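Shown here: start.cif, mmCIF, C-alpha atoms.
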data_my_file
#
loop_
_atom_site.group_PDB
_atom_site.id
_atom_site.type_symbol
_atom_site.label_atom_id
_atom_site.label_comp_id
_atom_site.auth_asym_id
_atom_site.auth_seq_id
_atom_site.Cartn_x
_atom_site.Cartn_y
_atom_site.Cartn_z
ATOM 1 C CA HIS A 1 0.000 0.000 0.000
ATOM 2 C CA PRO A 2 1.223 3.604 -0.259
ATOM 3 C CA GLY A 3 4.168 4.166 2.082
ATOM 4 C CA SER A 4 5.146 0.491 2.258
ATOM 5 C CA PRO A 5 8.490 -0.742 0.762
ATOM 6 C CA GLN A 6 8.221 -1.247 -2.993
ATOM 7 C CA PRO A 7 9.394 -4.713 -4.093
ATOM 8 C CA GLU A 8 9.326 -3.957 -7.803
ATOM 9 C CA GLY A 9 12.630 -2.003 -7.922
ATOM 10 C CA PRO A 10 14.154 1.379 -7.383
ATOM 11 C CA HIS A 11 12.091 4.535 -7.468
ATOM 12 C CA PRO A 12 13.061 8.191 -7.611
ATOM 13 C CA GLY A 13 15.314 8.995 -4.679
ATOM 14 C CA SER A 14 16.411 5.403 -4.033
ATOM 15 C CA PRO A 15 19.990 4.182 -4.752
ATOM 16 C CA GLN A 16 20.380 3.359 -8.461
ATOM 17 C CA PRO A 17 21.784 -0.051 -9.397
ATOM 18 C CA ASP A 18 23.789 1.392 -12.267
ATOM 19 C CA GLY A 19 25.877 3.573 -9.988
ATOM 20 C CA PRO A 20 25.567 6.774 -7.932
ATOM 21 C CA HIS A 21 24.429 9.994 -9.535
ATOM 22 C CA PRO A 22 24.444 13.633 -8.470
ATOM 23 C CA GLY A 23 22.041 14.166 -5.616
ATOM 24 C CA SER A 24 21.923 10.525 -4.510
ATOM 25 C CA PRO A 25 22.923 9.627 -0.948
ATOM 26 C CA TYR A 26 25.998 7.839 -2.260
ATOM 27 C CA TRP A 27 27.287 10.555 -4.620
ATOM 28 C CA SER A 28 29.727 11.965 -2.058
ATOM 29 C CA ALA A 29 31.427 8.568 -1.790
ATOM 30 C CA VAL A 30 32.874 8.948 -5.291
ATOM 31 C CA ALA A 31 32.712 12.711 -5.694
ATOM 32 C CA PRO A 32 35.656 14.347 -7.435
ATOM 33 C CA GLY A 33 38.680 14.265 -5.187
ATOM 34 C CA ARG A 34 37.481 11.194 -3.273
ATOM 35 C CA PRO A 35 39.153 7.773 -3.524
ATOM 36 C CA GLY A 36 37.907 5.948 -6.582
ATOM 37 C CA ALA A 37 36.941 9.085 -8.474
ATOM 38 C CA PRO A 38 38.480 9.791 -11.875
ATOM 39 C CA PRO A 39 41.235 12.434 -11.837
ATOM 40 C CA THR A 40 39.807 15.878 -12.447
ATOM 41 C CA GLY A 41 42.539 18.299 -11.408
ATOM 42 C CA PRO A 42 45.936 19.113 -12.867
ATOM 43 C CA ALA A 43 47.662 17.398 -9.963
ATOM 44 C CA ASP A 44 46.199 14.063 -11.026
ATOM 45 C CA ALA A 45 46.129 14.474 -14.774
ATOM 46 C CA PRO A 46 49.123 13.862 -17.025
ATOM 47 C CA PRO A 47 50.685 16.840 -18.816
ATOM 48 C CA GLU A 48 48.491 18.168 -21.591
ATOM 49 C CA LEU A 49 49.600 17.529 -25.149
ATOM 50 C CA ASP A 50 49.330 21.231 -25.901
ATOM 51 C CA GLY A 51 52.576 21.759 -24.023
ATOM 52 C CA GLY A 52 51.062 23.364 -20.935
ATOM 53 C CA PRO A 53 50.812 21.685 -17.531
ATOM 54 C CA GLY A 54 47.626 23.462 -16.524
ATOM 55 C CA GLY A 55 48.808 26.941 -15.482
ATOM 56 C CA ARG A 56 50.235 25.749 -12.199
ATOM 57 C CA ILE A 57 53.379 27.906 -12.369
ATOM 58 C CA PRO A 58 52.749 31.682 -12.121
ATOM 59 C CA ALA A 59 54.432 34.282 -14.332
ATOM 60 C CA ARG A 60 56.413 35.711 -11.413
ATOM 61 C CA ALA A 61 58.397 32.470 -11.291
ATOM 62 C CA VAL A 62 60.400 33.900 -14.220
ATOM 63 C CA TRP A 63 62.228 36.112 -11.725
ATOM 64 C CA TRP A 64 63.367 33.060 -9.786
ATOM 65 C CA GLY A 65 64.699 31.716 -13.067
ATOM 66 C CA VAL A 66 66.593 34.964 -13.716
ATOM 67 C CA LEU A 67 68.027 34.838 -10.198
ATOM 68 C CA GLY A 68 69.025 31.207 -10.657
ATOM 69 C CA ILE A 69 70.878 31.727 -13.930
ATOM 70 C CA ALA A 70 72.589 34.865 -12.591
ATOM 71 C CA ALA A 71 73.727 33.006 -9.485
ATOM 72 C CA GLY A 72 74.918 30.138 -11.653
ATOM 73 C CA GLU A 73 76.977 32.500 -13.804
ATOM 74 C CA VAL A 74 78.659 33.968 -10.735
ATOM 75 C CA VAL A 75 79.369 30.585 -9.164
ATOM 76 C CA GLY A 76 80.634 29.146 -12.450
ATOM 77 C CA SER A 77 82.943 32.102 -13.107
ATOM 78 C CA MET A 78 84.377 31.926 -9.596
ATOM 79 C CA LEU A 79 85.026 28.182 -9.856
ATOM 80 C CA ALA A 80 86.692 28.584 -13.246
ATOM 81 C CA LEU A 81 88.943 31.400 -12.005
ATOM 82 C CA LEU A 82 89.904 29.422 -8.908
ATOM 83 C CA LEU A 83 90.863 26.446 -11.060
ATOM 84 C CA VAL A 84 92.901 28.674 -13.369
ATOM 85 C CA ALA A 85 94.687 30.238 -10.402
ATOM 86 C CA ALA A 86 95.421 26.846 -8.841
ATOM 87 C CA THR A 87 96.598 25.055 -11.986
ATOM 88 C CA GLY A 88 97.782 27.731 -14.389
ATOM 89 C CA LEU A 89 95.436 26.456 -17.106
ATOM 90 C CA ARG A 90 94.081 28.813 -19.738
ATOM 91 C CA VAL A 91 90.568 30.085 -19.096
ATOM 92 C CA THR A 92 89.443 28.573 -22.392
ATOM 93 C CA SER A 93 90.871 25.117 -21.674
ATOM 94 C CA ALA A 94 88.545 22.198 -20.990
ATOM 95 C CA GLY A 95 88.866 22.100 -17.195
ATOM 96 C CA PRO A 96 87.800 25.697 -16.494
ATOM 97 C CA GLU A 97 85.082 25.417 -19.126
ATOM 98 C CA LEU A 98 83.685 22.335 -17.386
ATOM 99 C CA VAL A 99 83.601 23.787 -13.860
ATOM 100 C CA GLY A 100 82.167 27.019 -15.238
ATOM 101 C CA GLU A 101 79.337 25.125 -16.905
ATOM 102 C CA LEU A 102 78.747 23.044 -13.780
ATOM 103 C CA GLY A 103 78.280 26.242 -11.789
ATOM 104 C CA LEU A 104 75.851 27.628 -14.363
ATOM 105 C CA TRP A 105 73.883 24.387 -14.543
ATOM 106 C CA SER A 106 73.605 24.219 -10.761
ATOM 107 C CA GLY A 107 71.931 27.638 -10.792
ATOM 108 C CA MET A 108 69.529 26.593 -13.553
ATOM 109 C CA LEU A 109 68.601 23.300 -11.924
ATOM 110 C CA GLY A 110 68.293 24.931 -8.521
ATOM 111 C CA ALA A 111 65.793 27.445 -9.905
ATOM 112 C CA VAL A 112 63.777 24.721 -11.644
ATOM 113 C CA VAL A 113 63.534 22.561 -8.520
ATOM 114 C CA PHE A 114 62.783 25.535 -6.258
ATOM 115 C CA VAL A 115 59.968 26.827 -8.474
ATOM 116 C CA SER A 116 58.483 23.338 -8.806
ATOM 117 C CA ARG A 117 58.378 22.893 -5.048
ATOM 118 C CA ARG A 118 57.252 26.420 -4.221
ATOM 119 C CA TYR A 119 54.506 26.843 -6.808
ATOM 120 C CA GLY A 120 53.880 23.442 -8.349
ATOM 121 C CA SER A 121 53.527 19.805 -7.426
ATOM 122 C CA GLY A 122 57.229 19.118 -6.892
ATOM 123 C CA SER A 123 57.214 16.865 -9.961
ATOM 124 C CA LEU A 124 59.259 18.101 -12.917
ATOM 125 C CA ARG A 125 57.126 15.927 -15.210
ATOM 126 C CA ARG A 126 53.850 17.466 -14.091
ATOM 127 C CA ASP A 127 55.094 21.024 -13.728
ATOM 128 C CA PHE A 128 57.418 21.297 -16.752
ATOM 129 C CA THR A 129 56.461 18.302 -18.973
ATOM 130 C CA PHE A 130 59.891 16.754 -18.349
ATOM 131 C CA ALA A 131 59.370 13.381 -20.008
ATOM 132 C CA PHE A 132 60.669 11.272 -22.901
ATOM 133 C CA ARG A 133 59.194 8.740 -25.335
ATOM 134 C CA TRP A 134 61.002 6.809 -28.052
ATOM 135 C CA ILE A 135 59.075 8.704 -30.728
ATOM 136 C CA ASP A 136 60.885 11.819 -29.486
ATOM 137 C CA LEU A 137 63.997 10.558 -31.279
ATOM 138 C CA ALA A 138 62.195 11.085 -34.587
ATOM 139 C CA TYR A 139 60.657 14.386 -33.539
ATOM 140 C CA GLY A 140 64.038 15.545 -32.267
ATOM 141 C CA LEU A 141 65.736 14.651 -35.526
ATOM 142 C CA GLY A 142 63.210 16.717 -37.467
ATOM 143 C CA ALA A 143 63.541 19.675 -35.098
ATOM 144 C CA ALA A 144 67.350 19.504 -35.267
ATOM 145 C CA ALA A 145 67.279 19.527 -39.077
ATOM 146 C CA THR A 146 64.976 22.551 -38.995
ATOM 147 C CA GLY A 147 67.213 24.378 -36.526
ATOM 148 C CA LEU A 148 70.353 23.660 -38.535
ATOM 149 C CA ALA A 149 68.697 24.869 -41.743
ATOM 150 C CA ILE A 150 67.647 28.113 -40.067
ATOM 151 C CA ALA A 151 71.124 28.641 -38.595
ATOM 152 C CA GLN A 152 72.640 28.138 -42.043
ATOM 153 C CA ILE A 153 70.262 30.671 -43.570
ATOM 154 C CA VAL A 154 71.226 33.246 -40.929
ATOM 155 C CA ALA A 155 74.941 32.532 -41.474
ATOM 156 C CA VAL A 156 74.607 33.021 -45.227
ATOM 157 C CA ALA A 157 72.538 36.183 -44.790
ATOM 158 C CA PHE A 158 75.210 37.829 -42.619
ATOM 159 C CA ALA A 159 78.281 36.310 -44.290
ATOM 160 C CA GLY A 160 81.038 38.828 -44.964
ATOM 161 C CA SER A 161 79.510 41.517 -42.757
ATOM 162 C CA ARG A 162 80.560 42.842 -39.362
ATOM 163 C CA LEU A 163 77.412 41.287 -37.929
ATOM 164 C CA ALA A 164 78.556 37.740 -38.697
ATOM 165 C CA GLY A 165 79.764 35.850 -35.644
ATOM 166 C CA SER A 166 80.030 32.488 -33.916
ATOM 167 C CA ASN A 167 79.749 31.186 -30.372
ATOM 168 C CA THR A 168 81.757 28.000 -30.981
ATOM 169 C CA GLN A 169 84.893 29.269 -29.220
ATOM 170 C CA ILE A 170 84.482 26.641 -26.520
ATOM 171 C CA LEU A 171 84.971 24.060 -29.276
ATOM 172 C CA THR A 172 87.611 25.728 -31.431
ATOM 173 C CA GLY A 173 89.759 26.398 -28.358
ATOM 174 C CA GLN A 174 90.382 22.648 -27.965
ATOM 175 C CA GLN A 175 91.987 21.992 -31.365
ATOM 176 C CA GLY A 176 94.873 19.541 -30.969
ATOM 177 C CA ASN A 177 93.783 18.462 -27.471
ATOM 178 C CA THR A 178 92.014 15.096 -27.618
ATOM 179 C CA PHE A 179 90.899 15.149 -23.988
ATOM 180 C CA GLY A 180 89.632 18.692 -24.367
ATOM 181 C CA ILE A 181 87.764 17.815 -27.553
ATOM 182 C CA VAL A 182 85.971 14.910 -25.873
ATOM 183 C CA LEU A 183 85.146 16.915 -22.760
ATOM 184 C CA VAL A 184 83.736 19.998 -24.467
ATOM 185 C CA THR A 185 81.784 17.805 -26.895
ATOM 186 C CA LEU A 186 80.124 16.118 -23.919
ATOM 187 C CA ILE A 187 79.421 19.541 -22.393
ATOM 188 C CA ALA A 188 77.842 20.790 -25.622
ATOM 189 C CA ALA A 189 75.974 17.660 -26.691
ATOM 190 C CA VAL A 190 74.926 16.169 -23.344
ATOM 191 C CA GLY A 191 75.034 18.649 -20.473
ATOM 192 C CA ALA A 192 73.874 21.844 -22.163
ATOM 193 C CA PRO A 193 70.819 20.304 -23.900
ATOM 194 C CA PHE A 194 69.582 18.682 -20.693
ATOM 195 C CA PHE A 195 69.852 21.698 -18.393
ATOM 196 C CA GLU A 196 68.953 24.364 -20.954
ATOM 197 C CA GLU A 197 65.829 22.580 -22.148
ATOM 198 C CA LEU A 198 64.654 22.034 -18.591
ATOM 199 C CA PHE A 199 65.301 25.705 -17.781
ATOM 200 C CA PHE A 200 64.179 27.549 -20.943
ATOM 201 C CA ARG A 201 61.553 25.262 -22.475
ATOM 202 C CA GLY A 202 60.507 23.935 -19.073
ATOM 203 C CA LEU A 203 60.526 26.617 -16.385
ATOM 204 C CA LEU A 204 60.533 29.830 -18.448
ATOM 205 C CA ARG A 205 58.069 28.698 -21.134
ATOM 206 C CA THR A 206 55.663 27.416 -18.508
ATOM 207 C CA ALA A 207 55.851 30.564 -16.369
ATOM 208 C CA LEU A 208 55.550 32.929 -19.348
ATOM 209 C CA ALA A 209 52.496 31.022 -20.602
ATOM 210 C CA ALA A 210 50.609 32.149 -17.499
ATOM 211 C CA ARG A 211 50.927 35.765 -18.715
ATOM 212 C CA PHE A 212 51.344 35.640 -22.488
ATOM 213 C CA GLY A 213 49.694 32.377 -23.537
ATOM 214 C CA ARG A 214 51.289 29.381 -25.254
ATOM 215 C CA HIS A 215 52.560 31.114 -28.381
ATOM 216 C CA GLY A 216 53.741 34.213 -26.557
ATOM 217 C CA ALA A 217 55.621 31.989 -24.122
ATOM 218 C CA VAL A 218 57.407 30.166 -26.953
ATOM 219 C CA TRP A 219 58.685 33.432 -28.416
ATOM 220 C CA GLY A 220 59.411 34.955 -25.013
ATOM 221 C CA GLN A 221 61.623 32.120 -23.819
ATOM 222 C CA ALA A 222 63.310 32.041 -27.247
ATOM 223 C CA VAL A 223 64.339 35.692 -26.915
ATOM 224 C CA LEU A 224 65.729 35.028 -23.437
ATOM 225 C CA PHE A 225 67.509 31.926 -24.754
ATOM 226 C CA GLY A 226 69.147 33.912 -27.547
ATOM 227 C CA PHE A 227 70.343 36.755 -25.324
ATOM 228 C CA ALA A 228 71.604 34.281 -22.712
ATOM 229 C CA HIS A 229 74.240 33.335 -25.330
ATOM 230 C CA TYR A 230 75.383 36.915 -25.839
ATOM 231 C CA GLY A 231 79.183 37.064 -25.606
ATOM 232 C CA GLU A 232 81.201 40.179 -24.893
ATOM 233 C CA ALA A 233 84.041 38.922 -27.078
ATOM 234 C CA HIS A 234 81.773 38.600 -30.104
ATOM 235 C CA GLY A 235 81.132 42.329 -30.554
ATOM 236 C CA LEU A 236 78.759 43.061 -33.427
ATOM 237 C CA GLY A 237 78.913 39.375 -34.310
ATOM 238 C CA ASN A 238 76.387 38.904 -31.521
ATOM 239 C CA VAL A 239 73.684 40.095 -33.919
ATOM 240 C CA SER A 240 73.818 36.962 -36.057
ATOM 241 C CA VAL A 241 74.567 34.671 -33.096
ATOM 242 C CA VAL A 242 71.667 35.910 -30.971
ATOM 243 C CA LEU A 243 69.255 35.935 -33.934
ATOM 244 C CA ALA A 244 70.134 32.367 -34.921
ATOM 245 C CA LEU A 245 69.691 31.146 -31.351
ATOM 246 C CA ILE A 246 66.411 32.998 -30.895
ATOM 247 C CA LEU A 247 65.077 31.186 -33.956
ATOM 248 C CA LEU A 248 66.466 27.887 -32.671
ATOM 249 C CA GLY A 249 64.711 28.613 -29.372
ATOM 250 C CA VAL A 250 61.443 29.093 -31.270
ATOM 251 C CA VAL A 251 61.875 25.705 -32.970
ATOM 252 C CA LEU A 252 62.638 24.010 -29.649
ATOM 253 C CA GLY A 253 59.782 25.836 -27.923
ATOM 254 C CA TYR A 254 57.199 24.699 -30.453
ATOM 255 C CA THR A 255 58.664 21.197 -30.340
ATOM 256 C CA ALA A 256 57.992 21.098 -26.596
ATOM 257 C CA MET A 257 54.538 22.622 -27.015
ATOM 258 C CA LEU A 258 53.380 20.310 -29.790
ATOM 259 C CA THR A 259 54.742 17.078 -28.302
ATOM 260 C CA GLY A 260 53.803 17.954 -24.724
ATOM 261 C CA ARG A 261 57.249 16.842 -23.536
ATOM 262 C CA LEU A 262 60.812 18.130 -23.284
ATOM 263 C CA GLY A 263 62.298 14.870 -24.606
ATOM 264 C CA ALA A 264 62.218 15.757 -28.305
ATOM 265 C CA GLY A 265 63.759 19.166 -27.642
ATOM 266 C CA ILE A 266 66.607 17.631 -25.663
ATOM 267 C CA VAL A 267 67.309 15.284 -28.577
ATOM 268 C CA ALA A 268 67.151 18.138 -31.102
ATOM 269 C CA HIS A 269 69.369 20.416 -29.006
ATOM 270 C CA SER A 270 71.897 17.621 -28.561
ATOM 271 C CA LEU A 271 72.009 16.846 -32.291
ATOM 272 C CA PHE A 272 72.333 20.548 -33.129
ATOM 273 C CA ASN A 273 75.354 20.993 -30.834
ATOM 274 C CA LEU A 274 76.862 17.647 -31.827
ATOM 275 C CA THR A 275 76.696 18.663 -35.487
ATOM 276 C CA ALA A 276 78.618 21.833 -34.681
ATOM 277 C CA ALA A 277 81.281 19.829 -32.829
ATOM 278 C CA VAL A 278 81.667 17.271 -35.619
ATOM 279 C CA THR A 279 81.885 20.073 -38.182
ATOM 280 C CA ILE A 280 84.723 21.721 -36.276
ATOM 281 C CA PHE A 281 86.691 18.676 -35.151
ATOM 282 C CA VAL A 282 86.191 16.290 -38.071
ATOM 283 C CA VAL A 283 85.121 18.086 -41.223
ATOM 284 C CA ARG A 284 87.438 21.091 -40.995
#
Structure re-expressed in structure tokens:
Amino acid sequence: HPGSPQPEGPHPGSPQPDGPHPGSPYWSAVAPGRPGAPPTGPADAPPELDGGPGGRIPARAVWWGVLGIAAGEVVGSMLALLLVAATGLRVTSAGPELVGELGLWSGMLGAVVFVSRRYGSGSLRRDFTFAFRWIDLAYGLGAAATGLAIAQIVAVAFAGSRLAGSNTQILTGQQGNTFGIVLVTLIAAVGAPFFEELFFRGLLRTALAARFGRHGAVWGQAVLFGFAHYGEAHGLGNVSVVLALILLGVVLGYTAMLTGRLGAGIVAHSLFNLTAAVTIFVVR
């Protein structure tokens, strides 16, 4: 009779056999954020394939990056000078170059880790899309070829002018020194791609995206990447050097954005630098 239990099955308001629904007494048991619920927030979801980890890192984190690279430059220069003073080596020899780069990389990595822990999840994969897949070898090869073609176009465009320059002095300074050749090649083709991609395409691109959007962030970090390679000894030659590296930074930035990972960019950066080393040490 009305009001008695209904044997024929569920009715409006009773638990549904096909699972809880909004408004049912059991909805809170699997509500978003509860155990058993599908991931709904950026902390649970994998990095997006559009190259952005969900806006977790704020734009002001760029200043921590600037502080990190500046501190790394100071530490690296001090270590290199101390080694030169203690051993009598030339500043451009492999040993001082290595300790100088180690100091710089420590500042870069320190900034990346600090920003991840302060503003993000503490995971470099989630915060900066630091990941690798085997397909990134192919993507990296394509990006490297594009970067090399662009660098060649810039070199030809400025050839014979006062604006033509090169930043390969770390490589050319090791001619005739087998140990130095091996060491600086490892610096250029292994160390630099790893730390620079994590810093520029990871930290800076992610932080700039919070203010300028994905495309603005790609170009913004590329400009910073180019000017980070400005060398006082290059003079007006910095024009072609900085321009070529800005354009390379754009290629690497879009590679990271389109793949959703830093892996392909690390491969491309490594191949780009390795090509320069082989050209200097083998071809010439």
>> My list of candidates is A:Phe132, A:Gly107, A:Pro96, A:Val184. Which is closest to A:Val74 when distances are computed with all atoms listed in the file?
In response: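 Using all atoms listed in the file, the shortest distance to A:Val74 belongs to A:Gly107.
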> Mind listing as a PyMOL selection string all residues within 12 Å of (74.3, 29.2, -36.1), counting all atoms listed in the file?
Replying inline: chain A and resi 144+146-159+164-168+226+229+237-249+272-273+275-276
> For A:Leu203, which residue out of A:Thr129, A:Ser161, A:Ser77, A:Thr172 is the nearest one, using all atoms listed in the file?
Replying inline: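 Comparing A:Thr129, A:Ser161, A:Ser77, A:Thr172 against A:Leu203, the winner is A:Thr129.
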> To one decimal place, how far is atom CA of A:Gly202 from atom CA of A:Gly265 in Å?
Replying inline: 10.3 Å
> Which is closest to A:Trp105 among A:Gly65, A:Gly72, A:Gly213, A:Gly173, if we use only C-alpha atoms?
Replying inline: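 Among the listed residues, the smallest separation from A:Trp105 belongs to A:Gly72.
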